[in-house]
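Just upload23.cif here, mmCIF, C-alpha atoms, pLDDT in the B column; chains and numbers go by the auth columns:
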```
data_start
loop_
_atom_site.group_PDB
_atom_site.id
_atom_site.type_symbol
_atom_site.label_atom_id
_atom_site.label_comp_id
_atom_site.label_asym_id
_atom_site.label_seq_id
_atom_site.Cartn_x
_atom_site.Cartn_y
_atom_site.Cartn_z
_atom_site.B_iso_or_equiv
_atom_site.auth_seq_id
_atom_site.auth_asym_id
ATOM 1 C CA MET A 1 139.039 84.319 291.647 94.00 1 A
ATOM 2 C CA LYS A 2 142.751 84.151 290.973 97.00 2 A
ATOM 3 C CA ILE A 3 145.074 87.035 291.815 98.00 3 A
ATOM 4 C CA GLU A 4 148.560 87.207 290.330 97.00 4 A
ATOM 5 C CA THR A 5 150.942 90.036 291.138 98.00 5 A
ATOM 6 C CA ILE A 6 153.766 91.472 289.134 97.00 6 A
ATOM 7 C CA THR A 7 156.104 94.363 289.748 97.00 7 A
ATOM 8 C CA GLU A 8 156.624 96.620 286.770 93.00 8 A
ATOM 9 C CA ASN A 9 158.767 99.771 287.008 90.00 9 A
ATOM 10 C CA GLY A 10 158.824 99.256 290.769 94.00 10 A
ATOM 11 C CA VAL A 11 155.007 99.265 290.952 96.00 11 A
ATOM 12 C CA LEU A 12 153.052 96.336 292.414 98.00 12 A
ATOM 13 C CA ILE A 13 150.121 95.421 290.162 98.00 13 A
ATOM 14 C CA ALA A 14 147.474 92.747 290.737 98.00 14 A
ATOM 15 C CA ILE A 15 146.088 90.868 287.750 98.00 15 A
ATOM 16 C CA VAL A 16 142.703 89.452 288.668 98.00 16 A
ATOM 17 C CA GLU A 17 141.128 86.603 286.715 96.00 17 A
ATOM 18 C CA GLY A 18 138.194 84.330 287.264 94.00 18 A
ATOM 19 C CA PRO A 19 135.277 82.493 285.718 94.00 19 A
ATOM 20 C CA GLU A 20 132.510 84.862 286.821 94.00 20 A
ATOM 21 C CA LYS A 21 131.842 88.591 286.765 96.00 21 A
ATOM 22 C CA LEU A 22 133.519 90.399 289.663 95.00 22 A
ATOM 23 C CA LEU A 23 132.456 94.012 289.104 95.00 23 A
ATOM 24 C CA THR A 24 128.686 93.706 289.414 96.00 24 A
ATOM 25 C CA GLY A 25 128.039 96.593 291.769 96.00 25 A
ATOM 26 C CA THR A 26 129.662 99.096 294.082 96.00 26 A
ATOM 27 C CA GLN A 27 129.908 96.729 297.057 97.00 27 A
ATOM 28 C CA GLU A 28 131.407 93.954 294.932 97.00 28 A
ATOM 29 C CA ALA A 29 133.952 96.422 293.537 97.00 29 A
ATOM 30 C CA LEU A 30 134.946 97.445 297.068 97.00 30 A
ATOM 31 C CA ASP A 31 135.143 93.790 298.127 97.00 31 A
ATOM 32 C CA LEU A 32 137.422 93.102 295.162 98.00 32 A
ATOM 33 C CA ALA A 33 139.678 96.051 295.976 98.00 33 A
ATOM 34 C CA MET A 34 139.941 95.148 299.654 97.00 34 A
ATOM 35 C CA THR A 35 140.621 91.480 298.858 98.00 35 A
ATOM 36 C CA VAL A 36 143.405 92.475 296.470 98.00 36 A
ATOM 37 C CA LYS A 37 144.885 94.904 299.006 98.00 37 A
ATOM 38 C CA TYR A 38 144.679 92.374 301.859 98.00 38 A
ATOM 39 C CA GLU A 39 146.060 89.424 299.889 97.00 39 A
ATOM 40 C CA THR A 40 148.755 91.223 297.866 97.00 40 A
ATOM 41 C CA GLY A 41 149.256 94.766 299.148 98.00 41 A
ATOM 42 C CA ALA A 42 148.594 96.079 295.628 98.00 42 A
ATOM 43 C CA GLN A 43 146.384 99.085 294.946 97.00 43 A
ATOM 44 C CA ARG A 44 146.561 98.813 291.156 98.00 44 A
ATOM 45 C CA ILE A 45 144.285 96.263 289.537 98.00 45 A
ATOM 46 C CA VAL A 46 144.154 94.832 286.017 98.00 46 A
ATOM 47 C CA LEU A 47 140.834 93.269 285.105 98.00 47 A
ATOM 48 C CA SER A 48 139.482 91.723 281.915 97.00 48 A
ATOM 49 C CA LYS A 49 136.330 93.344 280.523 97.00 49 A
ATOM 50 C CA LYS A 50 134.650 89.922 280.656 97.00 50 A
ATOM 51 C CA LEU A 51 134.707 90.198 284.477 98.00 51 A
ATOM 52 C CA VAL A 52 132.740 93.463 284.428 98.00 52 A
ATOM 53 C CA ALA A 53 128.927 93.567 284.382 97.00 53 A
ATOM 54 C CA GLU A 54 127.458 95.065 281.198 96.00 54 A
ATOM 55 C CA GLU A 55 125.566 97.561 283.379 97.00 55 A
ATOM 56 C CA PHE A 56 128.924 99.232 284.118 97.00 56 A
ATOM 57 C CA PHE A 57 129.105 100.321 280.474 97.00 57 A
ATOM 58 C CA ILE A 58 125.634 101.895 280.551 96.00 58 A
ATOM 59 C CA LEU A 59 126.622 105.229 282.050 96.00 59 A
ATOM 60 C CA SER A 60 123.042 106.159 282.949 96.00 60 A
ATOM 61 C CA SER A 61 123.039 103.247 285.437 96.00 61 A
ATOM 62 C CA GLY A 62 125.536 105.180 287.552 96.00 62 A
ATOM 63 C CA MET A 63 127.543 102.042 288.299 97.00 63 A
ATOM 64 C CA ALA A 64 130.751 103.167 286.602 97.00 64 A
ATOM 65 C CA GLY A 65 130.708 106.541 288.326 95.00 65 A
ATOM 66 C CA GLU A 66 130.048 105.044 291.757 97.00 66 A
ATOM 67 C CA ILE A 67 132.757 102.410 291.427 97.00 67 A
ATOM 68 C CA LEU A 68 135.379 104.799 290.099 96.00 68 A
ATOM 69 C CA GLN A 69 134.548 107.303 292.858 96.00 69 A
ATOM 70 C CA LYS A 70 135.014 104.612 295.533 97.00 70 A
ATOM 71 C CA TYR A 71 138.299 103.518 293.966 98.00 71 A
ATOM 72 C CA THR A 72 139.455 107.127 293.895 96.00 72 A
ATOM 73 C CA ASN A 73 138.510 107.579 297.573 97.00 73 A
ATOM 74 C CA TYR A 74 140.489 104.485 298.548 97.00 74 A
ATOM 75 C CA GLN A 75 143.394 105.350 296.203 97.00 75 A
ATOM 76 C CA PHE A 76 143.035 102.369 293.875 98.00 76 A
ATOM 77 C CA LYS A 77 143.872 102.482 290.188 98.00 77 A
ATOM 78 C CA LEU A 78 142.092 100.235 287.721 98.00 78 A
ATOM 79 C CA ALA A 79 142.772 99.167 284.144 98.00 79 A
ATOM 80 C CA ILE A 80 140.110 97.203 282.296 98.00 80 A
ATOM 81 C CA TRP A 81 141.243 95.490 279.114 98.00 81 A
ATOM 82 C CA GLY A 82 139.176 94.079 276.291 97.00 82 A
ATOM 83 C CA ASP A 83 137.265 95.011 273.167 97.00 83 A
ATOM 84 C CA PHE A 84 135.156 98.135 273.647 96.00 84 A
ATOM 85 C CA SER A 85 134.443 98.649 269.935 93.00 85 A
ATOM 86 C CA ARG A 86 130.919 97.247 270.051 94.00 86 A
ATOM 87 C CA TYR A 87 129.696 100.103 272.216 94.00 87 A
ATOM 88 C CA THR A 88 128.111 102.877 270.191 93.00 88 A
ATOM 89 C CA SER A 89 127.280 105.315 272.989 94.00 89 A
ATOM 90 C CA LYS A 90 129.018 108.655 272.466 95.00 90 A
ATOM 91 C CA PRO A 91 128.940 109.442 276.225 95.00 91 A
ATOM 92 C CA LEU A 92 130.642 106.095 276.911 96.00 92 A
ATOM 93 C CA HIS A 93 133.292 106.747 274.243 96.00 93 A
ATOM 94 C CA ASP A 94 133.870 110.189 275.777 97.00 94 A
ATOM 95 C CA PHE A 95 134.079 108.630 279.260 97.00 95 A
ATOM 96 C CA ILE A 96 136.640 106.068 278.086 97.00 96 A
ATOM 97 C CA TYR A 97 138.644 108.740 276.289 97.00 97 A
ATOM 98 C CA GLU A 98 138.682 111.053 279.338 97.00 98 A
ATOM 99 C CA SER A 99 139.572 108.186 281.682 97.00 99 A
ATOM 100 C CA ASN A 100 142.504 107.225 279.466 97.00 100 A
ATOM 101 C CA GLN A 101 143.799 110.817 279.635 96.00 101 A
ATOM 102 C CA GLY A 102 143.969 110.660 283.440 96.00 102 A
ATOM 103 C CA LYS A 103 146.093 108.647 285.846 96.00 103 A
ATOM 104 C CA ASP A 104 143.642 106.425 287.716 97.00 104 A
ATOM 105 C CA PHE A 105 141.411 104.492 285.298 98.00 105 A
ATOM 106 C CA PHE A 106 142.172 103.023 281.909 98.00 106 A
ATOM 107 C CA PHE A 107 140.240 101.149 279.246 98.00 107 A
ATOM 108 C CA VAL A 108 142.642 99.453 276.833 98.00 108 A
ATOM 109 C CA GLY A 109 142.732 96.622 274.306 98.00 109 A
ATOM 110 C CA THR A 110 145.199 94.200 275.906 98.00 110 A
ATOM 111 C CA LYS A 111 146.420 93.040 279.289 97.00 111 A
ATOM 112 C CA GLU A 112 149.922 94.238 278.359 97.00 112 A
ATOM 113 C CA GLU A 113 148.614 97.761 277.673 98.00 113 A
ATOM 114 C CA ALA A 114 146.792 97.687 281.004 98.00 114 A
ATOM 115 C CA LEU A 115 149.996 96.785 282.823 97.00 115 A
ATOM 116 C CA GLU A 116 151.918 99.530 280.997 96.00 116 A
ATOM 117 C CA LYS A 117 149.315 102.176 281.845 97.00 117 A
ATOM 118 C CA LEU A 118 149.213 101.253 285.546 97.00 118 A
ATOM 119 C CA ALA A 119 152.989 101.024 285.798 96.00 119 A
ATOM 120 C CA ALA A 120 153.359 104.494 284.290 95.00 120 A
ATOM 121 C CA ALA A 121 150.483 106.102 286.243 92.00 121 A
ATOM 122 C CA GLY A 122 151.558 108.633 288.846 76.00 122 A
#
```
Would you put the structure from the file into structure tokens?
Amino acid sequence: MKIETITENGVLIAIVEGPEKLLTGTQEALDLAMTVKYETGAQRIVLSKKLVAEEFFILSSGMAGEILQKYTNYQFKLAIWGDFSRYTSKPLHDFIYESNQGKDFFFVGTKEEALEKLAAAG
């Protein structure tokens, strides 16, 4: 795992990259968040969709809800970037839409959009 930090609009953001999936469960998500916080001090994370387990995008698995609840509890913000167009689930589309209307979690097409969203989030 490689963590790069940037400061945009005075906000510290961690860009996490790596060869293997990092969000594979609730504990792994917490480990990721705590590693980022410990190593960089950042509480805003940009992550490529390719680093997220497919189970996350099956809302009935409960993974997405559990992870986002933990991140909310620990005051982390997360932006996942990538192509979400292949998903046909209406509940997932609604979930993505609602998340993008908020200030904590974003699902966007590019890394640049992810950085913009996190930098502008309250």
Answer as number ranges by chain, residues within 10 Å of (145.5, 109.8, 285.9) using only C-alpha atoms: A: 77, 98-106, 117-118, 120-122
CA of Ala79 (chain A) to CA of Val46 (chain A), distance in Å rounded to a single decimal: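 So the answer is 4.9 Å.
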Expansion of the PyMOL selection byres ((chain A and resi 18) around 7) into residues, as a list in words: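 That selection, the PyMOL selection byres ((chain A and resi 18) around 7), comes back as Met1, Lys2, Val16, Glu17, Pro19 and Glu20 of chain A.
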Contacts of Pro91 (chain A) at 10 Å (all atoms listed in the file; same-chain gap of 6+ positions) as a PyMOL selection string: chain A and resi 58-60+97
Ala33 (chain A) surroundings by all atoms listed in the file, 12 Å radius, close-in-sequence under 3 positions cut, as a ChimeraX atom specification: /A:3,13-16,22-23,26-30,36-47,67-68,70-78
Atomic separation - CA of Ala64 (chain A) relative to CA of Thr24 (chain A), Å: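 According to the coordinates, CA of Thr24 (chain A) and CA of Ala64 (chain A) are separated by 10.1 Å.
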Distance in Å - CA of Lys111 (chain A) versus CA of Glu54 (chain A): 19.2 Å
Surrounding residues of Gly109 (chain A) excluding itself and chain neighbours under 6 positions, 7 Å, all atoms listed in the file, as JSON, numbers by chain: {"A": [81, 82, 83]}
For Thr110 (chain A), the nearest of the candidates A:Asn9, A:Ser48, A:Thr35, A:Ser61, counting all atoms listed in the file: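 Closest to Thr110 (chain A) of all the choices is A:Ser48.
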Counting only C-alpha atoms, the option among A:Ala119, A:Ile80, A:Leu51, A:Ala114 closest to Glu8 (chain A):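 Closest to Glu8 (chain A), using only C-alpha atoms: A:Ala119.
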Serialized region 100-111 of chain A w/ all heavy atoms as an mmCIF file, in the first residue's frame:
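As written to disk, result-v9.cif reads:
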```cif
data_model
loop_
_atom_site.group_PDB
_atom_site.id
_atom_site.type_symbol
_atom_site.label_atom_id
_atom_site.label_comp_id
_atom_site.auth_asym_id
_atom_site.auth_seq_id
_atom_site.Cartn_x
_atom_site.Cartn_y
_atom_site.Cartn_z
ATOM 1 N N ASN A 100 -23.473 11.123 -2.622
ATOM 2 C CA ASN A 100 -22.883 12.270 -3.308
ATOM 3 C C ASN A 100 -23.565 13.587 -2.952
ATOM 4 O O ASN A 100 -22.986 14.652 -3.157
ATOM 5 C CB ASN A 100 -22.893 12.051 -4.822
ATOM 6 C CG ASN A 100 -21.858 11.043 -5.258
ATOM 7 O OD1 ASN A 100 -20.896 10.772 -4.546
ATOM 8 N ND2 ASN A 100 -22.051 10.471 -6.420
ATOM 9 N N GLN A 101 -24.760 13.526 -2.379
ATOM 10 C CA GLN A 101 -25.457 14.741 -1.941
ATOM 11 C C GLN A 101 -25.000 15.180 -0.549
ATOM 12 O O GLN A 101 -25.261 16.298 -0.131
ATOM 13 C CB GLN A 101 -26.978 14.524 -1.921
ATOM 14 C CG GLN A 101 -27.577 14.139 -3.258
ATOM 15 C CD GLN A 101 -27.163 15.053 -4.392
ATOM 16 O OE1 GLN A 101 -27.349 16.257 -4.326
ATOM 17 N NE2 GLN A 101 -26.564 14.485 -5.422
ATOM 18 N N GLY A 102 -24.329 14.281 0.167
ATOM 19 C CA GLY A 102 -23.896 14.565 1.532
ATOM 20 C C GLY A 102 -22.519 15.203 1.578
ATOM 21 O O GLY A 102 -22.046 15.791 0.607
ATOM 22 N N LYS A 103 -21.844 15.023 2.722
ATOM 23 C CA LYS A 103 -20.539 15.651 2.910
ATOM 24 C C LYS A 103 -19.465 14.697 3.420
ATOM 25 O O LYS A 103 -18.366 15.128 3.759
ATOM 26 C CB LYS A 103 -20.668 16.841 3.860
ATOM 27 C CG LYS A 103 -21.223 16.517 5.223
ATOM 28 C CD LYS A 103 -21.350 17.780 6.064
ATOM 29 C CE LYS A 103 -22.089 17.583 7.351
ATOM 30 N NZ LYS A 103 -21.562 16.695 8.318
ATOM 31 N N ASP A 104 -19.789 13.389 3.449
ATOM 32 C CA ASP A 104 -18.828 12.441 4.008
ATOM 33 C C ASP A 104 -18.320 11.382 3.039
ATOM 34 O O ASP A 104 -17.190 10.930 3.155
ATOM 35 C CB ASP A 104 -19.442 11.732 5.220
ATOM 36 C CG ASP A 104 -19.734 12.688 6.352
ATOM 37 O OD1 ASP A 104 -18.881 13.550 6.625
ATOM 38 O OD2 ASP A 104 -20.811 12.589 6.962
ATOM 39 N N PHE A 105 -19.174 10.958 2.101
ATOM 40 C CA PHE A 105 -18.825 9.852 1.205
ATOM 41 C C PHE A 105 -19.211 10.199 -0.221
ATOM 42 O O PHE A 105 -20.315 10.679 -0.466
ATOM 43 C CB PHE A 105 -19.532 8.562 1.642
ATOM 44 C CG PHE A 105 -19.287 8.250 3.082
ATOM 45 C CD1 PHE A 105 -20.276 8.450 4.020
ATOM 46 C CD2 PHE A 105 -18.047 7.806 3.514
ATOM 47 C CE1 PHE A 105 -20.041 8.202 5.357
ATOM 48 C CE2 PHE A 105 -17.801 7.559 4.844
ATOM 49 C CZ PHE A 105 -18.805 7.751 5.780
ATOM 50 N N PHE A 106 -18.279 9.918 -1.137
ATOM 51 C CA PHE A 106 -18.502 10.286 -2.527
ATOM 52 C C PHE A 106 -18.079 9.150 -3.449
ATOM 53 O O PHE A 106 -17.097 8.454 -3.180
ATOM 54 C CB PHE A 106 -17.702 11.549 -2.869
ATOM 55 C CG PHE A 106 -17.979 12.687 -1.932
ATOM 56 C CD1 PHE A 106 -17.116 12.971 -0.888
ATOM 57 C CD2 PHE A 106 -19.131 13.451 -2.063
ATOM 58 C CE1 PHE A 106 -17.370 14.012 0.000
ATOM 59 C CE2 PHE A 106 -19.404 14.489 -1.187
ATOM 60 C CZ PHE A 106 -18.524 14.764 -0.157
ATOM 61 N N PHE A 107 -18.821 8.993 -4.520
ATOM 62 C CA PHE A 107 -18.531 8.015 -5.556
ATOM 63 C C PHE A 107 -18.479 8.792 -6.868
ATOM 64 O O PHE A 107 -19.505 9.269 -7.345
ATOM 65 C CB PHE A 107 -19.622 6.939 -5.600
ATOM 66 C CG PHE A 107 -19.728 6.165 -4.314
ATOM 67 C CD1 PHE A 107 -20.548 6.616 -3.284
ATOM 68 C CD2 PHE A 107 -18.996 5.007 -4.122
ATOM 69 C CE1 PHE A 107 -20.636 5.924 -2.083
ATOM 70 C CE2 PHE A 107 -19.075 4.305 -2.920
ATOM 71 C CZ PHE A 107 -19.897 4.762 -1.903
ATOM 72 N N VAL A 108 -17.269 8.963 -7.405
ATOM 73 C CA VAL A 108 -17.075 9.825 -8.568
ATOM 74 C C VAL A 108 -16.257 9.106 -9.639
ATOM 75 O O VAL A 108 -15.689 8.038 -9.394
ATOM 76 C CB VAL A 108 -16.394 11.152 -8.165
ATOM 77 C CG1 VAL A 108 -17.287 11.964 -7.226
ATOM 78 C CG2 VAL A 108 -15.046 10.890 -7.516
ATOM 79 N N GLY A 109 -16.166 9.713 -10.815
ATOM 80 C CA GLY A 109 -15.507 9.088 -11.945
ATOM 81 C C GLY A 109 -13.992 9.157 -11.951
ATOM 82 O O GLY A 109 -13.330 8.243 -12.439
ATOM 83 N N THR A 110 -13.417 10.239 -11.399
ATOM 84 C CA THR A 110 -11.963 10.408 -11.487
ATOM 85 C C THR A 110 -11.343 10.757 -10.132
ATOM 86 O O THR A 110 -12.031 11.233 -9.223
ATOM 87 C CB THR A 110 -11.597 11.552 -12.467
ATOM 88 O OG1 THR A 110 -12.050 12.795 -11.905
ATOM 89 C CG2 THR A 110 -12.214 11.332 -13.838
ATOM 90 N N LYS A 111 -10.050 10.540 -10.054
ATOM 91 C CA LYS A 111 -9.313 10.884 -8.835
ATOM 92 C C LYS A 111 -9.397 12.389 -8.576
ATOM 93 O O LYS A 111 -9.526 12.823 -7.434
ATOM 94 C CB LYS A 111 -7.858 10.442 -8.972
ATOM 95 C CG LYS A 111 -7.075 10.624 -7.691
ATOM 96 C CD LYS A 111 -5.569 10.404 -7.795
ATOM 97 C CE LYS A 111 -5.110 9.290 -8.628
ATOM 98 N NZ LYS A 111 -3.634 9.082 -8.557
#
```
